[in-house]
file structure.tsv (TSV, C-alpha atoms)
chain	number	residue	atom	x	y	z
X	1	MET	CA	-61.33	-42.91	-8.55
X	2	ILE	CA	-62.55	-45.21	-5.79
X	3	LEU	CA	-63.43	-42.30	-3.47
X	4	ASP	CA	-65.77	-40.86	-6.09
X	5	GLN	CA	-67.81	-44.09	-6.05
X	6	ILE	CA	-68.30	-44.27	-2.28
X	7	ASP	CA	-71.58	-43.28	-0.64
X	8	LYS	CA	-71.14	-39.88	1.06
X	9	ARG	CA	-72.83	-41.14	4.23
X	10	LEU	CA	-70.15	-43.80	4.55
X	11	LEU	CA	-67.38	-41.24	4.06
X	12	ALA	CA	-68.76	-39.17	6.94
X	13	LEU	CA	-68.96	-42.21	9.19
X	14	ALA	CA	-65.42	-43.24	8.22
X	15	GLU	CA	-64.15	-39.79	9.20
X	16	GLN	CA	-65.78	-40.16	12.61
X	17	SER	CA	-64.10	-43.53	13.05
X	18	ASP	CA	-60.63	-41.98	13.21
X	19	SER	CA	-61.35	-40.44	16.62
X	20	ASP	CA	-63.57	-43.24	17.93
X	21	LEU	CA	-60.95	-45.90	17.17
X	22	LYS	CA	-57.90	-44.01	18.44
X	23	ASP	CA	-57.43	-46.10	21.60
X	24	VAL	CA	-57.99	-49.39	19.74
X	25	TYR	CA	-55.43	-48.47	17.10
X	26	GLU	CA	-52.90	-47.46	19.78
X	27	ARG	CA	-53.11	-50.89	21.41
X	28	ILE	CA	-52.51	-52.54	18.02
X	29	ASP	CA	-49.48	-50.26	17.54
X	30	GLN	CA	-48.07	-51.37	20.92
X	31	ILE	CA	-48.31	-55.05	19.99
X	32	CYS	CA	-46.69	-54.31	16.63
X	33	LEU	CA	-43.77	-52.60	18.37
X	34	PHE	CA	-43.32	-55.50	20.80
X	35	ASN	CA	-43.29	-58.11	18.04
X	36	SER	CA	-41.04	-55.98	15.84
X	37	ASP	CA	-38.53	-55.85	18.69
X	38	ARG	CA	-38.59	-59.64	19.03
X	39	ILE	CA	-38.07	-60.18	15.30
X	40	LEU	CA	-35.37	-57.54	14.86
X	41	SER	CA	-33.51	-58.93	17.89
X	42	ALA	CA	-33.65	-62.43	16.35
X	43	PHE	CA	-32.17	-61.10	13.09
X	44	ILE	CA	-29.33	-59.44	14.97
X	45	GLU	CA	-28.69	-62.44	17.22
X	46	ASN	CA	-28.43	-64.77	14.23
X	47	LYS	CA	-26.12	-62.40	12.31
X	48	VAL	CA	-28.17	-62.42	9.12
X	49	SER	CA	-26.00	-61.43	6.16
X	50	TYR	CA	-26.72	-60.55	2.54
X	51	THR	CA	-24.95	-63.77	1.58
X	52	ASP	CA	-27.70	-65.68	3.41
X	53	PHE	CA	-30.04	-64.90	0.50
X	54	SER	CA	-28.02	-67.07	-1.92
X	55	ASP	CA	-29.90	-69.37	-4.27
X	56	ILE	CA	-28.99	-72.91	-3.21
X	57	ASN	CA	-30.21	-75.42	-5.79
X	58	GLY	CA	-30.11	-79.18	-6.27
X	59	TYR	CA	-30.18	-81.05	-2.99
X	60	GLY	CA	-29.93	-77.84	-0.99
X	61	ASP	CA	-27.05	-79.00	1.20
X	62	TYR	CA	-25.24	-76.58	3.52
X	63	ASP	CA	-27.72	-73.71	3.30
X	64	ALA	CA	-26.65	-71.38	6.11
X	65	GLY	CA	-29.36	-68.84	5.23
X	66	ARG	CA	-32.10	-71.45	5.52
X	67	ASP	CA	-30.75	-72.52	8.91
X	68	LYS	CA	-30.73	-68.94	10.21
X	69	LEU	CA	-34.25	-68.34	8.93
X	70	GLU	CA	-35.52	-71.39	10.78
X	71	LYS	CA	-33.82	-70.25	13.99
X	72	ILE	CA	-35.57	-66.89	13.66
X	73	PHE	CA	-38.95	-68.54	13.19
X	74	ALA	CA	-38.33	-70.78	16.20
X	75	THR	CA	-37.51	-67.75	18.34
X	76	VAL	CA	-40.54	-65.77	17.17
X	77	LEU	CA	-42.89	-68.71	17.73
X	78	GLY	CA	-41.48	-69.62	21.16
X	79	SER	CA	-40.21	-73.00	20.02
X	80	GLU	CA	-36.99	-75.04	20.07
X	81	ASP	CA	-36.79	-75.54	16.32
X	82	ALA	CA	-38.64	-74.84	13.09
X	83	LEU	CA	-39.06	-76.07	9.52
X	84	VAL	CA	-39.68	-73.22	7.04
X	85	ARG	CA	-39.76	-74.35	3.42
X	86	PRO	CA	-41.11	-73.37	0.02
X	87	GLN	CA	-41.92	-77.06	-0.45
X	88	ILE	CA	-44.74	-76.57	2.09
X	89	MET	CA	-47.29	-74.90	-0.17
X	90	SER	CA	-50.08	-73.94	2.23
X	91	GLY	CA	-51.39	-74.15	5.76
X	92	THR	CA	-53.42	-77.24	4.86
X	93	ASN	CA	-50.28	-78.85	3.43
X	94	ALA	CA	-48.36	-78.01	6.63
X	95	LEU	CA	-51.11	-79.55	8.75
X	96	TYR	CA	-51.26	-82.74	6.70
X	97	LEU	CA	-47.48	-83.03	6.70
X	98	THR	CA	-47.41	-82.72	10.50
X	99	PHE	CA	-50.30	-85.09	11.16
X	100	SER	CA	-48.90	-87.75	8.85
X	101	ALA	CA	-45.43	-87.46	10.42
X	102	LEU	CA	-46.58	-87.75	14.02
X	103	LEU	CA	-49.52	-90.16	13.73
X	104	LYS	CA	-49.16	-93.81	12.78
X	105	HIS	CA	-51.58	-96.71	12.30
X	106	GLY	CA	-53.56	-97.25	15.49
X	107	ASP	CA	-52.79	-93.82	16.99
X	108	THR	CA	-55.63	-91.62	18.23
X	109	MET	CA	-55.89	-87.88	17.72
X	110	ILE	CA	-58.50	-85.61	19.27
X	111	SER	CA	-59.69	-82.23	18.02
X	112	LEU	CA	-60.33	-80.15	21.12
X	113	THR	CA	-62.20	-77.47	19.17
X	114	GLY	CA	-64.90	-79.59	17.58
X	115	THR	CA	-65.23	-80.18	13.86
X	116	PRO	CA	-62.26	-78.69	11.97
X	117	TYR	CA	-62.78	-76.32	9.07
X	118	ASP	CA	-63.94	-77.69	5.75
X	119	SER	CA	-60.64	-78.26	3.95
X	120	LEU	CA	-59.32	-80.43	6.81
X	121	GLN	CA	-62.27	-82.78	6.91
X	122	GLU	CA	-61.26	-84.74	3.82
X	123	MET	CA	-57.65	-84.82	5.04
X	124	ILE	CA	-58.78	-86.50	8.26
X	125	GLY	CA	-61.28	-88.74	6.51
X	126	LEU	CA	-64.49	-87.30	7.92
X	127	VAL	CA	-65.77	-86.82	4.37
X	128	GLY	CA	-64.74	-88.21	1.00
X	129	GLU	CA	-63.01	-91.47	0.12
X	130	SER	CA	-59.36	-90.44	-0.24
X	131	SER	CA	-56.91	-93.30	0.07
X	132	GLN	CA	-54.43	-90.85	1.64
X	133	SER	CA	-56.59	-89.55	4.48
X	134	LEU	CA	-55.52	-90.13	8.08
X	135	LYS	CA	-58.47	-92.47	8.54
X	136	ALA	CA	-57.44	-94.54	5.52
X	137	HIS	CA	-54.01	-94.97	7.13
X	138	GLY	CA	-55.49	-96.27	10.36
X	139	VAL	CA	-55.43	-93.12	12.46
X	140	LYS	CA	-58.37	-92.88	14.87
X	141	TYR	CA	-60.12	-89.54	15.15
X	142	GLU	CA	-62.17	-88.14	18.01
X	143	GLN	CA	-63.43	-84.67	18.76
X	144	ILE	CA	-64.63	-82.80	21.83
X	145	ASP	CA	-66.92	-79.94	20.95
X	146	LEU	CA	-66.63	-76.52	22.49
X	147	LEU	CA	-69.09	-75.76	25.29
X	148	ASN	CA	-70.59	-72.28	24.90
X	149	TYR	CA	-67.59	-71.36	22.74
X	150	GLU	CA	-65.14	-72.44	25.48
X	151	PHE	CA	-62.99	-75.56	25.86
X	152	ASP	CA	-64.93	-78.36	27.56
X	153	GLU	CA	-62.20	-78.90	30.14
X	154	ARG	CA	-64.07	-81.56	32.09
X	155	LYS	CA	-64.52	-83.83	29.07
X	156	ILE	CA	-60.98	-83.18	27.86
X	157	VAL	CA	-59.43	-84.06	31.22
X	158	GLU	CA	-61.61	-87.16	31.64
X	159	ARG	CA	-60.72	-88.44	28.17
X	160	LEU	CA	-56.99	-87.89	28.61
X	161	LYS	CA	-57.03	-89.66	31.98
X	162	ASN	CA	-58.26	-92.76	30.15
X	163	GLY	CA	-55.08	-92.75	28.02
X	164	GLY	CA	-54.52	-93.99	24.51
X	165	VAL	CA	-54.27	-90.53	22.92
X	166	LYS	CA	-51.20	-89.64	20.86
X	167	LEU	CA	-52.03	-86.08	19.82
X	168	VAL	CA	-54.53	-83.34	20.60
X	169	GLU	CA	-55.13	-80.51	18.16
X	170	ILE	CA	-56.35	-76.98	18.84
X	171	GLN	CA	-57.63	-74.82	16.01
X	172	ARG	CA	-56.95	-71.26	17.14
X	173	SER	CA	-58.99	-69.56	14.44
X	174	ARG	CA	-62.74	-69.92	14.00
X	175	GLY	CA	-62.59	-71.23	10.43
X	176	TYR	CA	-66.05	-71.21	8.84
X	177	SER	CA	-67.88	-71.38	12.18
X	178	ALA	CA	-69.83	-69.02	14.38
X	179	ARG	CA	-67.61	-69.45	17.42
X	180	PRO	CA	-65.02	-66.81	18.34
X	181	SER	CA	-61.35	-67.52	17.75
X	182	LEU	CA	-59.47	-68.71	20.83
X	183	ASN	CA	-57.00	-66.37	22.47
X	184	LEU	CA	-53.70	-67.48	23.95
X	185	TYR	CA	-54.81	-66.99	27.54
X	186	LYS	CA	-57.48	-69.67	27.05
X	187	ILE	CA	-55.07	-71.94	25.19
X	188	GLU	CA	-52.45	-71.54	27.93
X	189	HIS	CA	-54.98	-72.39	30.63
X	190	LEU	CA	-56.06	-75.54	28.79
X	191	ILE	CA	-52.47	-76.67	28.17
X	192	LYS	CA	-51.75	-76.42	31.91
X	193	LYS	CA	-54.82	-78.55	32.64
X	194	ILE	CA	-53.73	-81.14	30.07
X	195	ARG	CA	-50.23	-81.36	31.52
X	196	GLU	CA	-51.64	-82.00	34.99
X	197	VAL	CA	-53.13	-85.29	33.79
X	198	ASN	CA	-50.99	-86.27	30.80
X	199	LYS	CA	-47.32	-85.43	30.28
X	200	GLU	CA	-46.86	-87.39	27.05
X	201	VAL	CA	-49.64	-86.37	24.68
X	202	ILE	CA	-48.50	-84.10	21.83
X	203	ILE	CA	-50.25	-80.72	21.96
X	204	MET	CA	-50.54	-79.23	18.47
X	205	VAL	CA	-51.91	-75.79	17.56
X	206	ASP	CA	-53.12	-74.73	14.13
X	207	ASN	CA	-51.83	-71.16	14.26
X	208	CYS	CA	-53.15	-69.94	10.89
X	209	TYR	CA	-54.29	-66.29	10.91
X	210	GLY	CA	-53.10	-65.78	14.50
X	211	GLU	CA	-49.38	-65.02	14.28
X	212	LEU	CA	-48.23	-61.70	15.78
X	213	VAL	CA	-51.75	-60.64	16.74
X	214	GLU	CA	-50.87	-61.02	20.42
X	215	GLU	CA	-47.54	-60.60	22.22
X	216	ARG	CA	-47.14	-64.36	22.64
X	217	GLU	CA	-47.37	-67.38	20.36
X	218	PRO	CA	-48.59	-70.91	21.18
X	219	GLY	CA	-45.01	-72.08	21.72
X	220	HIS	CA	-44.65	-69.56	24.53
X	221	VAL	CA	-47.59	-71.10	26.39
X	222	GLY	CA	-46.58	-74.74	26.14
X	223	ALA	CA	-47.67	-76.05	22.72
X	224	ASP	CA	-45.42	-78.86	21.48
X	225	ILE	CA	-45.86	-78.08	17.80
X	226	VAL	CA	-47.32	-75.12	15.90
X	227	VAL	CA	-48.30	-74.98	12.22
X	228	GLY	CA	-49.01	-72.18	9.75
X	229	SER	CA	-48.71	-70.71	6.26
X	230	LEU	CA	-46.47	-67.98	4.86
X	231	MET	CA	-49.33	-66.79	2.65
X	232	LYS	CA	-50.84	-65.56	5.89
X	233	ASN	CA	-49.37	-63.43	8.67
X	234	LEU	CA	-45.72	-64.46	8.87
X	235	GLY	CA	-45.15	-64.02	5.14
X	236	GLY	CA	-45.81	-60.31	5.58
X	237	GLY	CA	-47.45	-60.09	2.15
X	238	ILE	CA	-44.02	-60.68	0.59
X	239	ALA	CA	-43.48	-64.44	0.69
X	240	SER	CA	-45.04	-65.90	-2.46
X	241	THR	CA	-45.32	-69.46	-1.17
X	242	GLY	CA	-44.29	-71.57	1.80
X	243	GLY	CA	-45.34	-72.80	5.22
X	244	TYR	CA	-43.83	-73.53	8.59
X	245	VAL	CA	-43.89	-76.05	11.41
X	246	ALA	CA	-42.30	-75.04	14.73
X	247	GLY	CA	-41.93	-76.94	17.97
X	248	ARG	CA	-39.89	-79.44	19.95
X	249	THR	CA	-36.67	-80.49	18.25
X	250	ASP	CA	-37.58	-84.20	18.17
X	251	LEU	CA	-40.98	-83.51	16.62
X	252	ILE	CA	-39.57	-81.12	14.01
X	253	GLU	CA	-37.07	-83.78	12.97
X	254	MET	CA	-39.92	-86.25	12.45
X	255	VAL	CA	-41.81	-83.76	10.30
X	256	ALA	CA	-38.64	-82.95	8.34
X	257	GLU	CA	-38.04	-86.64	7.64
X	258	ARG	CA	-41.59	-86.92	6.39
X	259	LEU	CA	-40.98	-83.98	4.05
X	260	THR	CA	-37.64	-85.24	2.72
X	261	ALA	CA	-36.60	-88.76	3.80
X	262	PRO	CA	-35.43	-90.62	6.91
X	263	GLY	CA	-31.79	-89.80	7.55
X	264	ILE	CA	-32.01	-86.56	5.57
X	265	GLY	CA	-34.53	-84.52	7.56
X	266	LYS	CA	-33.80	-80.79	7.66
X	267	HIS	CA	-30.41	-81.08	5.96
X	268	GLN	CA	-31.73	-80.92	2.40
X	269	GLY	CA	-34.28	-78.91	0.45
X	270	ALA	CA	-33.43	-76.30	-2.18
X	271	ASN	CA	-34.65	-72.81	-1.32
X	272	PHE	CA	-35.75	-71.94	-4.90
X	273	ASN	CA	-34.28	-68.46	-4.42
X	274	GLN	CA	-37.02	-67.67	-1.90
X	275	LEU	CA	-34.89	-66.83	1.13
X	276	ASN	CA	-34.83	-63.08	0.50
X	277	ASN	CA	-38.63	-63.08	0.35
X	278	PHE	CA	-38.91	-65.22	3.48
X	279	PHE	CA	-36.52	-63.08	5.52
X	280	LYS	CA	-38.13	-59.87	4.29
X	281	GLY	CA	-41.58	-61.32	4.85
X	282	ILE	CA	-41.14	-62.11	8.53
X	283	TYR	CA	-39.28	-58.81	9.01
X	284	CYS	CA	-42.29	-56.89	7.61
X	285	ALA	CA	-44.89	-59.19	9.18
X	286	PRO	CA	-45.62	-57.14	12.34
X	287	SER	CA	-46.49	-54.12	10.20
X	288	ALA	CA	-48.59	-56.19	7.79
X	289	VAL	CA	-50.50	-57.77	10.68
X	290	ARG	CA	-51.04	-54.32	12.23
X	291	SER	CA	-52.57	-53.09	8.95
X	292	ALA	CA	-54.76	-56.18	8.70
X	293	LEU	CA	-55.99	-55.69	12.25
X	294	LYS	CA	-56.76	-52.01	11.71
X	295	THR	CA	-58.66	-52.90	8.53
X	296	ALA	CA	-60.68	-55.48	10.48
X	297	VAL	CA	-61.38	-53.02	13.31
X	298	PHE	CA	-62.51	-50.37	10.81
X	299	SER	CA	-64.74	-52.88	9.04
X	300	ALA	CA	-66.32	-53.98	12.33
X	301	TYR	CA	-66.88	-50.36	13.36
X	302	MET	CA	-68.64	-49.52	10.10
X	303	MET	CA	-70.80	-52.64	10.25
X	304	GLU	CA	-71.85	-52.01	13.83
X	305	LYS	CA	-72.69	-48.35	13.19
X	306	LEU	CA	-74.74	-49.38	10.16
X	307	GLY	CA	-76.80	-51.71	12.34
X	308	TYR	CA	-75.58	-55.12	11.24
X	309	LYS	CA	-75.99	-57.88	13.83
X	310	ASN	CA	-73.51	-60.56	14.85
X	311	VAL	CA	-70.36	-58.61	14.01
X	312	SER	CA	-67.47	-60.64	15.44
X	313	PRO	CA	-65.23	-59.52	16.98
X	314	LYS	CA	-66.79	-56.21	17.95
X	315	TYR	CA	-64.61	-53.28	16.94
X	316	ASP	CA	-63.38	-52.68	20.50
X	317	GLU	CA	-62.91	-56.33	21.53
X	318	PRO	CA	-59.43	-57.88	21.96
X	319	ARG	CA	-58.35	-59.94	18.95
X	320	THR	CA	-56.41	-63.16	18.53
X	321	ASP	CA	-56.43	-63.42	14.73
X	322	ILE	CA	-56.99	-61.26	11.66
X	323	ILE	CA	-60.44	-62.63	10.76
X	324	GLN	CA	-63.51	-60.40	10.86
X	325	THR	CA	-67.02	-61.78	10.36
X	326	VAL	CA	-70.46	-60.28	9.90
X	327	GLU	CA	-73.85	-61.72	9.06
X	328	LEU	CA	-75.05	-59.93	5.93
X	329	GLY	CA	-78.48	-61.54	5.90
X	330	SER	CA	-78.84	-62.46	2.24
X	331	LYS	CA	-77.02	-64.06	-0.65
X	332	GLU	CA	-77.31	-60.82	-2.63
X	333	SER	CA	-75.57	-58.76	0.09
X	334	LEU	CA	-72.88	-61.41	0.49
X	335	VAL	CA	-72.09	-61.43	-3.21
X	336	ARG	CA	-72.22	-57.64	-3.53
X	337	PHE	CA	-69.79	-57.12	-0.65
X	338	ALA	CA	-67.36	-59.60	-2.18
X	339	GLN	CA	-67.73	-57.88	-5.55
X	340	GLY	CA	-66.84	-54.55	-3.94
X	341	ILE	CA	-63.68	-56.01	-2.41
X	342	GLN	CA	-62.69	-57.54	-5.76
X	343	GLU	CA	-63.38	-54.37	-7.74
X	344	SER	CA	-61.15	-52.36	-5.40
X	345	SER	CA	-58.31	-54.89	-5.52
X	346	PRO	CA	-55.02	-54.07	-7.30
X	347	ILE	CA	-55.09	-57.39	-9.19
X	348	ASP	CA	-58.00	-58.75	-11.25
X	349	SER	CA	-60.24	-55.82	-10.33
X	350	PHE	CA	-62.18	-56.48	-13.54
X	351	VAL	CA	-63.23	-59.97	-12.44
X	352	ARG	CA	-66.88	-60.26	-11.43
X	353	VAL	CA	-67.20	-62.40	-8.31
X	354	MET	CA	-70.04	-64.94	-8.32
X	355	ALA	CA	-71.06	-67.81	-6.06
X	356	ALA	CA	-69.59	-71.07	-7.38
X	357	PRO	CA	-68.43	-74.55	-6.30
X	358	MET	CA	-64.89	-74.82	-4.91
X	359	PRO	CA	-62.82	-77.99	-4.41
X	360	GLY	CA	-62.68	-79.12	-0.77
X	361	TYR	CA	-65.78	-77.20	0.31
X	362	PRO	CA	-69.32	-78.64	0.67
X	363	PHE	CA	-71.21	-75.49	-0.38
X	364	ASP	CA	-70.94	-72.91	-3.13
X	365	GLU	CA	-68.38	-70.27	-2.18
X	366	VAL	CA	-68.05	-66.60	-2.92
X	367	MET	CA	-64.46	-65.38	-2.83
X	368	ALA	CA	-62.80	-62.02	-3.47
X	369	CYS	CA	-59.03	-62.22	-3.55
X	370	GLY	CA	-57.38	-59.76	-5.91
X	371	THR	CA	-53.94	-60.39	-4.47
X	372	PHE	CA	-50.36	-60.25	-5.73
X	373	THR	CA	-49.85	-63.81	-4.45
X	374	GLN	CA	-52.62	-66.27	-5.27
X	375	GLY	CA	-54.49	-67.19	-2.09
X	376	SER	CA	-52.62	-64.71	0.11
X	377	THR	CA	-54.97	-63.91	2.99
X	378	ILE	CA	-52.70	-61.35	4.65
X	379	GLU	CA	-53.57	-59.27	1.60
X	380	LEU	CA	-57.20	-58.18	1.75
X	381	SER	CA	-59.66	-60.93	0.89
X	382	ALA	CA	-63.25	-61.83	1.66
X	383	ASP	CA	-64.95	-65.17	1.28
X	384	ALA	CA	-67.90	-67.15	2.54
X	385	PRO	CA	-69.95	-70.28	2.06
X	386	VAL	CA	-73.19	-69.24	0.38
X	387	VAL	CA	-75.50	-70.63	3.04
X	388	GLU	CA	-77.63	-69.07	5.78
X	389	PRO	CA	-77.04	-66.92	7.78
X	390	PHE	CA	-74.78	-65.63	4.96
X	391	THR	CA	-71.77	-64.84	7.15
X	392	LEU	CA	-68.89	-63.06	5.49
X	393	TYR	CA	-65.28	-63.82	6.48
X	394	GLU	CA	-62.91	-60.94	5.84
X	395	GLN	CA	-59.18	-60.99	6.51
X	396	GLY	CA	-56.01	-59.09	5.69
X	397	GLY	CA	-55.13	-55.71	4.33
X	398	LEU	CA	-51.54	-54.67	3.64
X	399	SER	CA	-52.28	-51.05	4.52
X	400	ARG	CA	-55.00	-49.38	6.52
X	401	GLU	CA	-55.66	-46.93	3.67
X	402	TYR	CA	-56.15	-49.60	0.99
X	403	GLY	CA	-58.28	-51.60	3.41
X	404	LYS	CA	-60.46	-48.61	4.17
X	405	LEU	CA	-61.06	-47.90	0.48
X	406	SER	CA	-62.04	-51.51	-0.21
X	407	VAL	CA	-64.38	-51.81	2.76
X	408	LEU	CA	-66.08	-48.52	1.89
X	409	LEU	CA	-66.65	-49.56	-1.72
X	410	ALA	CA	-67.96	-52.97	-0.62
X	411	LEU	CA	-70.41	-51.35	1.79
X	412	THR	CA	-71.50	-48.93	-0.92
X	413	LYS	CA	-72.29	-51.91	-3.17
X	414	VAL	CA	-74.42	-53.47	-0.42
X	415	LEU	CA	-76.27	-50.28	0.58
X	416	ASN	CA	-77.03	-49.17	-2.96
call {"tool": "encode", "arguments": {"input": "structure.tsv", "output": "structure tokens"}}
result
Amino acid sequence: MILDQIDKRLLALAEQSDSDLKDVYERIDQICLFNSDRILSAFIENKVSYTDFSDINGYGDYDAGRDKLEKIFATVLGSEDALVRPQIMSGTNALYLTFSALLKHGDTMISLTGTPYDSLQEMIGLVGESSQSLKAHGVKYEQIDLLNYEFDERKIVERLKNGGVKLVEIQRSRGYSARPSLNLYKIEHLIKKIREVNKEVIIMVDNCYGELVEEREPGHVGADIVVGSLMKNLGGGIASTGGYVAGRTDLIEMVAERLTAPGIGKHQGANFNQLNNFFKGIYCAPSAVRSALKTAVFSAYMMEKLGYKNVSPKYDEPRTDIIQTVELGSKESLVRFAQGIQESSPIDSFVRVMAAPMPGYPFDEVMACGTFTQGSTIELSADAPVVEPFTLYEQGGLSREYGKLSVLLALTKVLN
């Protein structure tokens, strides 16, 4: 039994957490109820039927279920239209698909949140020699770094006044960086500033890890196009593949034509019998995100009470995504924590996690991900680059109880 392996001091502290975290958990419950209402209302409005789960093969013509699903996603994400497909295999794939559809030779894009996370750098052409990077196709890249973890509005406004920018990109989540994730209030404020000086530039938000954490989505605050993965929040731990792009109708059509072919766009694409999982996934997503948030809050609480520094966010701070970080101080502690998460996972619990190279990342990585769907980060996972200050990145948790057990075993591994 997992409970038998956990340090008794940690069990006592965990029991205390139930009363200390009551108000934090209630706020998470309120957001879950609000987002559940939005999603259930979208299902009812679009008259979802059991027949909408039909397996449409071949070209995928005339798929009424797929069309309803995409209308639901558009509503939930505050957008005009959406593309939700099993052919989009990850968040990185969704980002590359969107960039390559909207940016042509000679166009300029700007990252407004500094250097993007590691797996995007080769896609852009900042590292590596890929012949398919944006840089190799003549797209110009610029970035404006954050200033004290905030948007550098002065530089952004000055640059956009000079013109010649096709697209600006905002990475909502922190990625593998020390800066906090960016909440929707800050994103909304920046979008208003951008629109005061430039009406034409495409505003794109990488929404990975952030869906349903707040009561609004980037589309509600003025983003033109929003991108994410169904192996994260909106898949609800049920979708076994897939990604989405949501936004203005004209931009979604461009992305769809990039995915399929000009003249075909959204009209084709077999669903591979995934529609039931996709509908069920977004239906269950508010609850899955609530569990992930409560797991993160519990983990932060335990870390803070145990004296760890640089726990982010703090357990009682507002959240905008499901990621929890903590500096563990040593490679040994980093690996041991990941091993505890893996050993308390339902899948591959027998696998011993070790630091090792990983494609697309510049450093050795340690990764615990004993999930039902490979790479699903709405299920509990923990990973980190093995480099000072040895910061762990934890996300997910399909239930608060399973999350608590895993975190307690991981902390036991570190303490003992």
call {"tool": "residues_around", "arguments": {"input": "structure.tsv", "residues": "Val245 in chain X", "least_positions_apart": "3", "cutoff": "8 Å", "atoms": "all atoms listed in the file", "output": "list in words"}}
result
Ala82, Leu83, Val84, Ala94, Thr98, Ile225, Val226, Val227, Gly228 and Ile252 of chain X
call {"tool": "atom_distance", "arguments": {"input": "structure.tsv", "atom1": "CA of Arg174 in chain X", "atom2": "CA of Lys305 in chain X"}}
result
23.8 Å
call {"tool": "residues_near_point", "arguments": {"input": "structure.tsv", "point": "(-55.0, -90.3, 2.0)", "cutoff": "12 Å", "atoms": "only C-alpha atoms", "output": "ChimeraX atom specification"}}
result
/X:96-97,99-100,120-139
call {"tool": "closest_atom_pairs", "arguments": {"input": "structure.tsv", "of": "range 318-364 of chain X", "to": "range 229-237 of chain X", "cutoff": "12 Å", "atoms": "all atoms listed in the file", "output": "CSV"}}
result
residue,atom,partner,partner_atom,distance
X:Asp321,CA,X:Asn233,CA,9.3
X:Ile322,CA,X:Asn233,CA,8.5
X:Ile323,CA,X:Lys232,CA,11.2
call {"tool": "residues_around", "arguments": {"input": "structure.tsv", "residues": "Ala296 in chain X", "least_positions_apart": "6", "cutoff": "10 Å", "atoms": "all atoms listed in the file", "output": "PyMOL selection string"}}
result
chain X and resi 290+302+312-315+319+321-325+380+394-397+400+403-404+407
call {"tool": "closest_residue", "arguments": {"input": "structure.tsv", "among": "X:Tyr393, X:Phe363, X:Phe298, X:Phe53", "to": "Ala338 in chain X", "atoms": "only C-alpha atoms"}}
result
X:Tyr393
call {"tool": "axis_aligned_box", "arguments": {"input": "structure.tsv", "around": "range 402-407 of chain X", "padding_each_side": "8 Å", "output": "AutoDock Vina command-line options"}}
result
--center_x -60.3 --center_y -49.9 --center_z 2.0 --size_x 24.2 --size_y 19.9 --size_z 20.4
call {"tool": "atom_distance", "arguments": {"input": "structure.tsv", "atom1": "CA of Glu169 in chain X", "atom2": "CA of Ser119 in chain X"}}
result
15.4 Å
call {"tool": "residues_around", "arguments": {"input": "structure.tsv", "residues": "Glu45 in chain X", "least_positions_apart": "5", "cutoff": "12 Å", "atoms": "only C-alpha atoms", "output": "list in words"}}
result
Asp37, Arg38, Ile39, Leu40, Lys68, Leu69, Lys71, Ile72 and Thr75 of chain X
call {"tool": "atom_distance", "arguments": {"input": "structure.tsv", "atom1": "CA of Ala239 in chain X", "atom2": "CA of Gln274 in chain X"}}
result
7.7 Å
